[in-house]
file query-v8.cif (mmCIF, N, CA and C atoms)
data_entry
loop_
_atom_site.label_atom_id
_atom_site.label_comp_id
_atom_site.auth_asym_id
_atom_site.auth_seq_id
_atom_site.Cartn_x
_atom_site.Cartn_y
_atom_site.Cartn_z
N GLN A 1 30.51 76.14 50.65
CA GLN A 1 31.79 76.71 51.01
C GLN A 1 31.55 77.89 51.95
N VAL A 2 32.30 77.90 53.04
CA VAL A 2 32.17 78.96 54.04
C VAL A 2 33.44 79.80 54.02
N GLN A 3 33.26 81.09 54.00
CA GLN A 3 34.41 82.01 54.07
C GLN A 3 34.26 82.93 55.26
N LEU A 4 35.37 83.14 55.94
CA LEU A 4 35.41 84.09 57.05
C LEU A 4 36.39 85.20 56.68
N VAL A 5 35.93 86.41 56.77
CA VAL A 5 36.77 87.55 56.42
C VAL A 5 36.96 88.43 57.65
N GLU A 6 38.23 88.56 58.06
CA GLU A 6 38.55 89.35 59.24
C GLU A 6 39.04 90.73 58.84
N SER A 7 38.87 91.68 59.74
CA SER A 7 39.41 93.01 59.55
C SER A 7 39.63 93.66 60.90
N GLY A 8 40.41 94.73 60.90
CA GLY A 8 40.57 95.51 62.12
C GLY A 8 41.92 95.40 62.79
N GLY A 9 42.78 94.53 62.32
CA GLY A 9 44.09 94.41 62.93
C GLY A 9 44.94 95.63 62.61
N GLY A 10 46.11 95.69 63.23
CA GLY A 10 47.00 96.80 62.97
C GLY A 10 48.04 96.96 64.04
N LEU A 11 48.70 98.11 64.02
CA LEU A 11 49.75 98.44 64.97
C LEU A 11 49.21 99.48 65.96
N VAL A 12 49.43 99.21 67.23
CA VAL A 12 48.93 100.11 68.27
C VAL A 12 49.94 100.14 69.40
N GLN A 13 49.98 101.23 70.12
CA GLN A 13 50.86 101.32 71.28
C GLN A 13 50.24 100.62 72.47
N ALA A 14 51.08 100.19 73.38
CA ALA A 14 50.60 99.55 74.61
C ALA A 14 49.62 100.50 75.31
N GLY A 15 48.52 99.89 75.79
CA GLY A 15 47.46 100.68 76.43
C GLY A 15 46.37 101.10 75.49
N GLY A 16 46.60 100.92 74.19
CA GLY A 16 45.63 101.31 73.19
C GLY A 16 44.56 100.26 72.97
N SER A 17 43.72 100.52 71.97
CA SER A 17 42.59 99.65 71.67
C SER A 17 42.51 99.34 70.19
N LEU A 18 41.96 98.19 69.90
CA LEU A 18 41.62 97.79 68.53
C LEU A 18 40.31 97.02 68.58
N ARG A 19 39.62 97.03 67.45
CA ARG A 19 38.39 96.25 67.33
C ARG A 19 38.49 95.37 66.10
N LEU A 20 38.41 94.06 66.32
CA LEU A 20 38.44 93.09 65.22
C LEU A 20 37.03 92.73 64.82
N SER A 21 36.86 92.53 63.52
CA SER A 21 35.56 92.11 62.99
C SER A 21 35.74 90.89 62.11
N CYS A 22 34.72 90.07 62.06
CA CYS A 22 34.75 88.87 61.23
C CYS A 22 33.34 88.62 60.71
N ALA A 23 33.24 88.43 59.41
CA ALA A 23 31.95 88.15 58.79
C ALA A 23 32.02 86.84 58.03
N ALA A 24 31.03 86.01 58.22
CA ALA A 24 30.96 84.72 57.54
C ALA A 24 30.03 84.82 56.34
N SER A 25 30.42 84.17 55.28
CA SER A 25 29.57 84.09 54.10
C SER A 25 29.61 82.67 53.56
N GLY A 26 28.62 82.36 52.72
CA GLY A 26 28.56 81.02 52.17
C GLY A 26 27.45 80.22 52.81
N SER A 27 27.53 78.91 52.64
CA SER A 27 26.43 78.04 53.02
C SER A 27 26.53 77.60 54.48
N VAL A 28 26.37 78.57 55.39
CA VAL A 28 26.36 78.25 56.81
C VAL A 28 24.92 78.08 57.25
N VAL A 29 24.55 76.86 57.57
CA VAL A 29 23.17 76.58 57.97
C VAL A 29 22.99 76.77 59.47
N TRP A 30 24.00 76.36 60.22
CA TRP A 30 23.88 76.36 61.68
C TRP A 30 25.19 76.84 62.28
N VAL A 31 25.14 77.85 63.09
CA VAL A 31 26.33 78.35 63.76
C VAL A 31 26.24 77.95 65.23
N SER A 32 27.16 77.07 65.64
CA SER A 32 27.19 76.65 67.04
C SER A 32 27.86 77.70 67.91
N ALA A 33 28.94 78.27 67.38
CA ALA A 33 29.70 79.28 68.11
C ALA A 33 30.62 80.00 67.15
N MET A 34 31.04 81.18 67.55
CA MET A 34 32.08 81.91 66.83
C MET A 34 33.08 82.42 67.85
N GLY A 35 34.27 82.70 67.38
CA GLY A 35 35.25 83.16 68.34
C GLY A 35 36.55 83.59 67.70
N TRP A 36 37.50 83.90 68.55
CA TRP A 36 38.81 84.37 68.13
C TRP A 36 39.90 83.54 68.81
N TYR A 37 40.90 83.20 68.03
CA TYR A 37 42.08 82.51 68.51
C TYR A 37 43.29 83.29 68.02
N ARG A 38 44.45 83.01 68.62
CA ARG A 38 45.64 83.72 68.17
C ARG A 38 46.86 82.82 68.15
N ASN A 39 47.78 83.13 67.25
CA ASN A 39 49.04 82.42 67.11
C ASN A 39 50.18 83.37 67.38
N THR A 40 51.11 82.93 68.20
CA THR A 40 52.37 83.64 68.34
C THR A 40 53.50 82.68 68.00
N PRO A 41 54.61 83.18 67.51
CA PRO A 41 55.71 82.29 67.11
C PRO A 41 56.14 81.37 68.25
N GLY A 42 56.26 80.11 67.94
CA GLY A 42 56.73 79.15 68.93
C GLY A 42 55.66 78.64 69.88
N ARG A 43 54.44 79.10 69.70
CA ARG A 43 53.37 78.66 70.59
C ARG A 43 52.21 78.13 69.78
N GLN A 44 51.44 77.25 70.42
CA GLN A 44 50.26 76.72 69.75
C GLN A 44 49.18 77.79 69.69
N ARG A 45 48.28 77.59 68.74
CA ARG A 45 47.15 78.50 68.64
C ARG A 45 46.36 78.42 69.94
N GLU A 46 46.04 79.58 70.48
CA GLU A 46 45.32 79.61 71.75
C GLU A 46 43.99 80.34 71.62
N LEU A 47 43.05 79.91 72.44
CA LEU A 47 41.75 80.55 72.47
C LEU A 47 41.89 81.93 73.09
N VAL A 48 41.20 82.89 72.48
CA VAL A 48 41.14 84.23 73.05
C VAL A 48 39.76 84.44 73.66
N ALA A 49 38.73 84.25 72.84
CA ALA A 49 37.36 84.42 73.33
C ALA A 49 36.40 83.73 72.37
N THR A 50 35.32 83.19 72.92
CA THR A 50 34.30 82.57 72.10
C THR A 50 32.92 83.01 72.58
N ILE A 51 31.96 82.91 71.69
CA ILE A 51 30.57 83.20 72.03
C ILE A 51 29.70 82.15 71.35
N THR A 52 28.84 81.53 72.14
CA THR A 52 28.03 80.44 71.61
C THR A 52 26.75 80.97 70.97
N ARG A 53 26.03 80.05 70.40
CA ARG A 53 24.76 80.37 69.77
C ARG A 53 23.80 81.01 70.79
N ASN A 54 23.92 80.58 72.03
CA ASN A 54 23.05 81.09 73.08
C ASN A 54 23.56 82.40 73.69
N GLY A 55 24.72 82.84 73.24
CA GLY A 55 25.28 84.09 73.77
C GLY A 55 26.21 83.91 74.94
N ASP A 56 26.50 82.67 75.30
CA ASP A 56 27.45 82.43 76.39
C ASP A 56 28.87 82.73 75.90
N THR A 57 29.62 83.40 76.75
CA THR A 57 30.98 83.78 76.36
C THR A 57 32.03 83.08 77.22
N ASN A 58 33.21 82.97 76.65
CA ASN A 58 34.34 82.36 77.34
C ASN A 58 35.58 83.14 76.95
N TYR A 59 36.42 83.44 77.91
CA TYR A 59 37.63 84.22 77.66
C TYR A 59 38.85 83.51 78.22
N SER A 60 39.96 83.71 77.54
CA SER A 60 41.23 83.30 78.10
C SER A 60 41.51 84.15 79.34
N ASP A 61 42.13 83.55 80.34
CA ASP A 61 42.45 84.30 81.55
C ASP A 61 43.30 85.53 81.24
N SER A 62 44.13 85.43 80.22
CA SER A 62 45.06 86.51 79.91
C SER A 62 44.37 87.76 79.35
N VAL A 63 43.12 87.61 78.90
CA VAL A 63 42.43 88.76 78.30
C VAL A 63 41.18 89.18 79.07
N LYS A 64 40.82 88.42 80.09
CA LYS A 64 39.63 88.76 80.87
C LYS A 64 39.72 90.16 81.42
N GLY A 65 38.62 90.90 81.29
CA GLY A 65 38.59 92.26 81.79
C GLY A 65 39.14 93.29 80.81
N ARG A 66 39.80 92.83 79.76
CA ARG A 66 40.37 93.76 78.77
C ARG A 66 39.71 93.61 77.41
N PHE A 67 39.31 92.40 77.06
CA PHE A 67 38.71 92.12 75.76
C PHE A 67 37.23 91.82 75.95
N HIS A 68 36.45 92.16 74.91
CA HIS A 68 35.01 91.87 74.96
C HIS A 68 34.57 91.35 73.60
N ILE A 69 33.93 90.18 73.61
CA ILE A 69 33.45 89.58 72.37
C ILE A 69 31.95 89.84 72.24
N SER A 70 31.54 90.10 71.01
CA SER A 70 30.12 90.30 70.74
C SER A 70 29.82 89.75 69.35
N ARG A 71 28.55 89.73 69.01
CA ARG A 71 28.19 89.13 67.72
C ARG A 71 26.95 89.80 67.15
N ASP A 72 26.76 89.60 65.88
CA ASP A 72 25.52 89.92 65.19
C ASP A 72 25.09 88.61 64.55
N ALA A 73 24.20 87.91 65.24
CA ALA A 73 23.84 86.56 64.81
C ALA A 73 23.20 86.58 63.42
N ALA A 74 22.39 87.57 63.16
CA ALA A 74 21.70 87.63 61.86
C ALA A 74 22.68 87.76 60.72
N LYS A 75 23.78 88.47 60.96
CA LYS A 75 24.78 88.69 59.91
C LYS A 75 25.94 87.71 60.00
N LYS A 76 25.84 86.75 60.95
CA LYS A 76 26.90 85.77 61.12
C LYS A 76 28.25 86.49 61.27
N SER A 77 28.26 87.46 62.15
CA SER A 77 29.47 88.25 62.39
C SER A 77 29.84 88.20 63.86
N VAL A 78 31.13 88.34 64.10
CA VAL A 78 31.62 88.37 65.47
C VAL A 78 32.66 89.48 65.57
N PHE A 79 32.72 90.08 66.75
CA PHE A 79 33.60 91.22 66.97
C PHE A 79 34.41 91.00 68.24
N LEU A 80 35.59 91.59 68.26
CA LEU A 80 36.42 91.52 69.46
C LEU A 80 36.94 92.91 69.77
N GLN A 81 36.44 93.50 70.83
CA GLN A 81 36.93 94.79 71.30
C GLN A 81 38.10 94.52 72.24
N MET A 82 39.25 95.05 71.90
CA MET A 82 40.46 94.80 72.67
C MET A 82 40.94 96.13 73.26
N ASP A 83 40.91 96.22 74.55
CA ASP A 83 41.35 97.42 75.26
C ASP A 83 42.55 97.10 76.13
N SER A 84 43.24 98.15 76.56
CA SER A 84 44.42 97.99 77.41
C SER A 84 45.38 96.97 76.83
N LEU A 85 45.65 97.10 75.56
CA LEU A 85 46.49 96.13 74.87
C LEU A 85 47.91 96.13 75.42
N LYS A 86 48.51 94.95 75.43
CA LYS A 86 49.87 94.75 75.92
C LYS A 86 50.73 94.18 74.79
N PRO A 87 52.04 94.37 74.87
CA PRO A 87 52.91 93.75 73.86
C PRO A 87 52.70 92.23 73.77
N ALA A 88 52.35 91.60 74.88
CA ALA A 88 52.11 90.15 74.88
C ALA A 88 50.88 89.76 74.05
N ASP A 89 50.05 90.73 73.70
CA ASP A 89 48.89 90.45 72.85
C ASP A 89 49.26 90.40 71.37
N THR A 90 50.49 90.74 71.05
CA THR A 90 50.94 90.70 69.66
C THR A 90 50.82 89.30 69.12
N ALA A 91 50.08 89.14 68.02
CA ALA A 91 49.82 87.81 67.46
C ALA A 91 49.05 87.95 66.16
N LEU A 92 48.93 86.83 65.49
CA LEU A 92 48.03 86.73 64.34
C LEU A 92 46.70 86.18 64.88
N TYR A 93 45.66 86.96 64.73
CA TYR A 93 44.36 86.61 65.28
C TYR A 93 43.48 85.99 64.19
N TYR A 94 42.90 84.84 64.54
CA TYR A 94 42.07 84.11 63.61
C TYR A 94 40.62 84.07 64.09
N CYS A 95 39.72 84.27 63.16
CA CYS A 95 38.31 84.10 63.43
C CYS A 95 37.95 82.62 63.23
N ASN A 96 37.08 82.14 64.09
CA ASN A 96 36.63 80.74 64.01
C ASN A 96 35.11 80.68 64.04
N LEU A 97 34.58 79.79 63.25
CA LEU A 97 33.14 79.49 63.27
C LEU A 97 32.99 77.99 63.41
N LYS A 98 32.20 77.57 64.38
CA LYS A 98 31.90 76.16 64.58
C LYS A 98 30.48 75.90 64.13
N SER A 99 30.34 74.94 63.26
CA SER A 99 29.03 74.51 62.79
C SER A 99 28.94 73.02 63.06
N PHE A 100 28.20 72.65 64.08
CA PHE A 100 28.19 71.27 64.58
C PHE A 100 29.62 70.87 64.91
N SER A 101 30.19 69.89 64.27
CA SER A 101 31.55 69.45 64.60
C SER A 101 32.60 69.96 63.62
N THR A 102 32.22 70.89 62.77
CA THR A 102 33.15 71.41 61.77
C THR A 102 33.64 72.80 62.15
N ASP A 103 34.94 72.98 62.02
CA ASP A 103 35.55 74.28 62.28
C ASP A 103 35.92 74.96 60.98
N TYR A 104 35.61 76.24 60.90
CA TYR A 104 36.02 77.07 59.78
C TYR A 104 36.90 78.19 60.32
N TRP A 105 37.91 78.55 59.52
CA TRP A 105 38.88 79.54 59.96
C TRP A 105 39.05 80.64 58.92
N GLY A 106 39.27 81.83 59.42
CA GLY A 106 39.66 82.91 58.54
C GLY A 106 41.15 82.86 58.27
N GLN A 107 41.64 83.79 57.49
CA GLN A 107 43.05 83.81 57.13
C GLN A 107 43.91 84.54 58.15
N GLY A 108 43.29 85.21 59.07
CA GLY A 108 44.04 85.86 60.14
C GLY A 108 44.27 87.34 59.89
N THR A 109 44.33 88.07 60.99
CA THR A 109 44.65 89.50 60.92
C THR A 109 45.69 89.78 61.99
N GLN A 110 46.73 90.50 61.61
CA GLN A 110 47.85 90.73 62.51
C GLN A 110 47.57 91.88 63.46
N VAL A 111 47.85 91.62 64.73
CA VAL A 111 47.79 92.65 65.76
C VAL A 111 49.18 92.80 66.34
N THR A 112 49.71 94.01 66.31
CA THR A 112 51.03 94.28 66.85
C THR A 112 50.92 95.41 67.87
N VAL A 113 51.39 95.13 69.08
CA VAL A 113 51.34 96.11 70.15
C VAL A 113 52.76 96.50 70.52
N SER A 114 53.08 97.76 70.35
CA SER A 114 54.43 98.24 70.64
C SER A 114 54.51 98.75 72.08
N SER A 115 55.69 98.58 72.66
CA SER A 115 55.87 99.01 74.07
C SER A 115 56.31 100.45 74.14
#
call {"tool": "encode", "arguments": {"input": "query-v8.cif", "output": "structure tokens"}}
result
Amino acid sequence: QVQLVESGGGLVQAGGSLRLSCAASGSVVWVSAMGWYRNTPGRQRELVATITRNGDTNYSDSVKGRFHISRDAAKKSVFLQMDSLKPADTALYYCNLKSFSTDYWGQGTQVTVSS
């Protein structure tokens, strides 16, 4: 059983910063990639940023230059530094871990950006 525990969400004013953290525990033998996705009402879950086992990163166009993903591979943890936050970034952010073809998800952490 794999568990992902997220932290770091909250309420921030536009232009502010937040740092999300996610730690995996349980029987994870192989981590292909970890990343962050977000849900907003009325929209499908969208990719925010991912980082592969090799350290390659991928960002949504909407967050490029503002968000930075990093990881601690030994601790099976992933982080998302979010700067210059906008009200449009308001969402429930989910941590994701891919192990071969299996996806694991955290329960989500709410980020709210006020204008």
call {"tool": "resolve_selection", "arguments": {"input": "query-v8.cif", "expression": "the PyMOL selection byres ((chain A and resi 50-67) around 6)", "output": "PyMOL selection string"}}
result
chain A and resi 31-36+47-49+68-69+81-84
call {"tool": "resolve_selection", "arguments": {"input": "query-v8.cif", "expression": "the PyMOL selection byres ((chain A and resi 20) around 8)", "output": "JSON, numbers by chain"}}
result
{"A": [6, 7, 8, 9, 17, 18, 19, 21, 22, 23, 78, 79, 80, 81, 82]}
call {"tool": "residues_around", "arguments": {"input": "query-v8.cif", "residues": "Trp105 (chain A)", "least_positions_apart": "4", "cutoff": "7 Å", "atoms": "only N, CA and C atoms", "output": "number ranges by chain"}}
result
A: 3-5, 94-97
call {"tool": "closest_residue", "arguments": {"input": "query-v8.cif", "among": "A:Val29, A:Val2, A:Leu11, A:Ala24", "to": "Ser77 (chain A)", "atoms": "all atoms listed in the file"}}
result
A:Ala24
call {"tool": "select_by_dssp", "arguments": {"input": "query-v8.cif", "residues": "region 28-95 of chain A", "states": "strand (DSSP E or B)", "output": "VMD selection string"}}
result
chain A and resid 33 to 39 46 to 52 57 to 59 67 to 72 77 to 82 91 to 95
call {"tool": "write_last_selection", "arguments": {"input": "query-v8.cif", "atoms": "N, CA and C atoms", "output": "compact mmCIF listing (two decimals), in the coordinates of the input"}}
result
# COMPACT_ATOMS: atom_id res chain seq x y z
N ALA A 33 28.94 78.27 67.38
CA ALA A 33 29.70 79.28 68.11
C ALA A 33 30.62 80.00 67.15
N MET A 34 31.04 81.18 67.55
CA MET A 34 32.08 81.91 66.83
C MET A 34 33.08 82.42 67.85
N GLY A 35 34.27 82.70 67.38
CA GLY A 35 35.25 83.16 68.34
C GLY A 35 36.55 83.59 67.70
N TRP A 36 37.50 83.90 68.55
CA TRP A 36 38.81 84.37 68.13
C TRP A 36 39.90 83.54 68.81
N TYR A 37 40.90 83.20 68.03
CA TYR A 37 42.08 82.51 68.51
C TYR A 37 43.29 83.29 68.02
N ARG A 38 44.45 83.01 68.62
CA ARG A 38 45.64 83.72 68.17
C ARG A 38 46.86 82.82 68.15
N ASN A 39 47.78 83.13 67.25
CA ASN A 39 49.04 82.42 67.11
C ASN A 39 50.18 83.37 67.38
N GLU A 46 46.04 79.58 70.48
CA GLU A 46 45.32 79.61 71.75
C GLU A 46 43.99 80.34 71.62
N LEU A 47 43.05 79.91 72.44
CA LEU A 47 41.75 80.55 72.47
C LEU A 47 41.89 81.93 73.09
N VAL A 48 41.20 82.89 72.48
CA VAL A 48 41.14 84.23 73.05
C VAL A 48 39.76 84.44 73.66
N ALA A 49 38.73 84.25 72.84
CA ALA A 49 37.36 84.42 73.33
C ALA A 49 36.40 83.73 72.37
N THR A 50 35.32 83.19 72.92
CA THR A 50 34.30 82.57 72.10
C THR A 50 32.92 83.01 72.58
N ILE A 51 31.96 82.91 71.69
CA ILE A 51 30.57 83.20 72.03
C ILE A 51 29.70 82.15 71.35
N THR A 52 28.84 81.53 72.14
CA THR A 52 28.03 80.44 71.61
C THR A 52 26.75 80.97 70.97
N THR A 57 29.62 83.40 76.75
CA THR A 57 30.98 83.78 76.36
C THR A 57 32.03 83.08 77.22
N ASN A 58 33.21 82.97 76.65
CA ASN A 58 34.34 82.36 77.34
C ASN A 58 35.58 83.14 76.95
N TYR A 59 36.42 83.44 77.91
CA TYR A 59 37.63 84.22 77.66
C TYR A 59 38.85 83.51 78.22
N PHE A 67 39.31 92.40 77.06
CA PHE A 67 38.71 92.12 75.76
C PHE A 67 37.23 91.82 75.95
N HIS A 68 36.45 92.16 74.91
CA HIS A 68 35.01 91.87 74.96
C HIS A 68 34.57 91.35 73.60
N ILE A 69 33.93 90.18 73.61
CA ILE A 69 33.45 89.58 72.37
C ILE A 69 31.95 89.84 72.24
N SER A 70 31.54 90.10 71.01
CA SER A 70 30.12 90.30 70.74
C SER A 70 29.82 89.75 69.35
N ARG A 71 28.55 89.73 69.01
CA ARG A 71 28.19 89.13 67.72
C ARG A 71 26.95 89.80 67.15
N ASP A 72 26.76 89.60 65.88
CA ASP A 72 25.52 89.92 65.19
C ASP A 72 25.09 88.61 64.55
N SER A 77 28.26 87.46 62.15
CA SER A 77 29.47 88.25 62.39
C SER A 77 29.84 88.20 63.86
N VAL A 78 31.13 88.34 64.10
CA VAL A 78 31.62 88.37 65.47
C VAL A 78 32.66 89.48 65.57
N PHE A 79 32.72 90.08 66.75
CA PHE A 79 33.60 91.22 66.97
C PHE A 79 34.41 91.00 68.24
N LEU A 80 35.59 91.59 68.26
CA LEU A 80 36.42 91.52 69.46
C LEU A 80 36.94 92.91 69.77
N GLN A 81 36.44 93.50 70.83
CA GLN A 81 36.93 94.79 71.30
C GLN A 81 38.10 94.52 72.24
N MET A 82 39.25 95.05 71.90
CA MET A 82 40.46 94.80 72.67
C MET A 82 40.94 96.13 73.26
N ALA A 91 50.08 89.14 68.02
CA ALA A 91 49.82 87.81 67.46
C ALA A 91 49.05 87.95 66.16
N LEU A 92 48.93 86.83 65.49
CA LEU A 92 48.03 86.73 64.34
C LEU A 92 46.70 86.18 64.88
N TYR A 93 45.66 86.96 64.73
CA TYR A 93 44.36 86.61 65.28
C TYR A 93 43.48 85.99 64.19
N TYR A 94 42.90 84.84 64.54
CA TYR A 94 42.07 84.11 63.61
C TYR A 94 40.62 84.07 64.09
N CYS A 95 39.72 84.27 63.16
CA CYS A 95 38.31 84.10 63.43
C CYS A 95 37.95 82.62 63.23
call {"tool": "residues_around", "arguments": {"input": "query-v8.cif", "residues": "Glu46 (chain A)", "least_positions_apart": "6", "cutoff": "7 Å", "atoms": "all atoms listed in the file", "output": "list in words"}}
result
Trp36, Tyr37, Arg38, Asn39 and Thr40 of chain A
call {"tool": "write_last_selection", "arguments": {"input": "query-v8.cif", "atoms": "N, CA and C atoms", "output": "JSON list (two decimals), in the coordinates of the input"}}
result
[["chain", "number", "residue", "atom", "x", "y", "z"],
["A", 36, "TRP", "N", 37.50, 83.90, 68.55],
["A", 36, "TRP", "CA", 38.81, 84.37, 68.13],
["A", 36, "TRP", "C", 39.90, 83.54, 68.81],
["A", 37, "TYR", "N", 40.90, 83.20, 68.03],
["A", 37, "TYR", "CA", 42.08, 82.51, 68.51],
["A", 37, "TYR", "C", 43.29, 83.29, 68.02],
["A", 38, "ARG", "N", 44.45, 83.01, 68.62],
["A", 38, "ARG", "CA", 45.64, 83.72, 68.17],
["A", 38, "ARG", "C", 46.86, 82.82, 68.15],
["A", 39, "ASN", "N", 47.78, 83.13, 67.25],
["A", 39, "ASN", "CA", 49.04, 82.42, 67.11],
["A", 39, "ASN", "C", 50.18, 83.37, 67.38],
["A", 40, "THR", "N", 51.11, 82.93, 68.20],
["A", 40, "THR", "CA", 52.37, 83.64, 68.34],
["A", 40, "THR", "C", 53.50, 82.68, 68.00]]
call {"tool": "residues_around", "arguments": {"input": "query-v8.cif", "residues": "Ser115 (chain A)", "least_positions_apart": "2", "cutoff": "8 Å", "atoms": "only N, CA and C atoms", "output": "list in words"}}
result
Val12, Gln13, Ala14, Gly15, Lys86, Pro87, Thr112 and Val113 of chain A
call {"tool": "atom_distance", "arguments": {"input": "query-v8.cif", "atom1": "CA of Trp30 (chain A)", "atom2": "CA of Gly108 (chain A)"}}
result
22.3 Å
call {"tool": "atom_distance", "arguments": {"input": "query-v8.cif", "atom1": "atom C of Ser101 (chain A)", "atom2": "CA of Asp89 (chain A)"}}
result
27.8 Å
call {"tool": "select_by_dssp", "arguments": {"input": "query-v8.cif", "residues": "region 7-97 of chain A", "states": "helix (DSSP H, G or I)", "output": "VMD selection string"}}
result
chain A and resid 73 to 75 87 to 89
call {"tool": "atom_distance", "arguments": {"input": "query-v8.cif", "atom1": "atom C of Gly16 (chain A)", "atom2": "atom C of Leu85 (chain A)"}}
result
5.9 Å
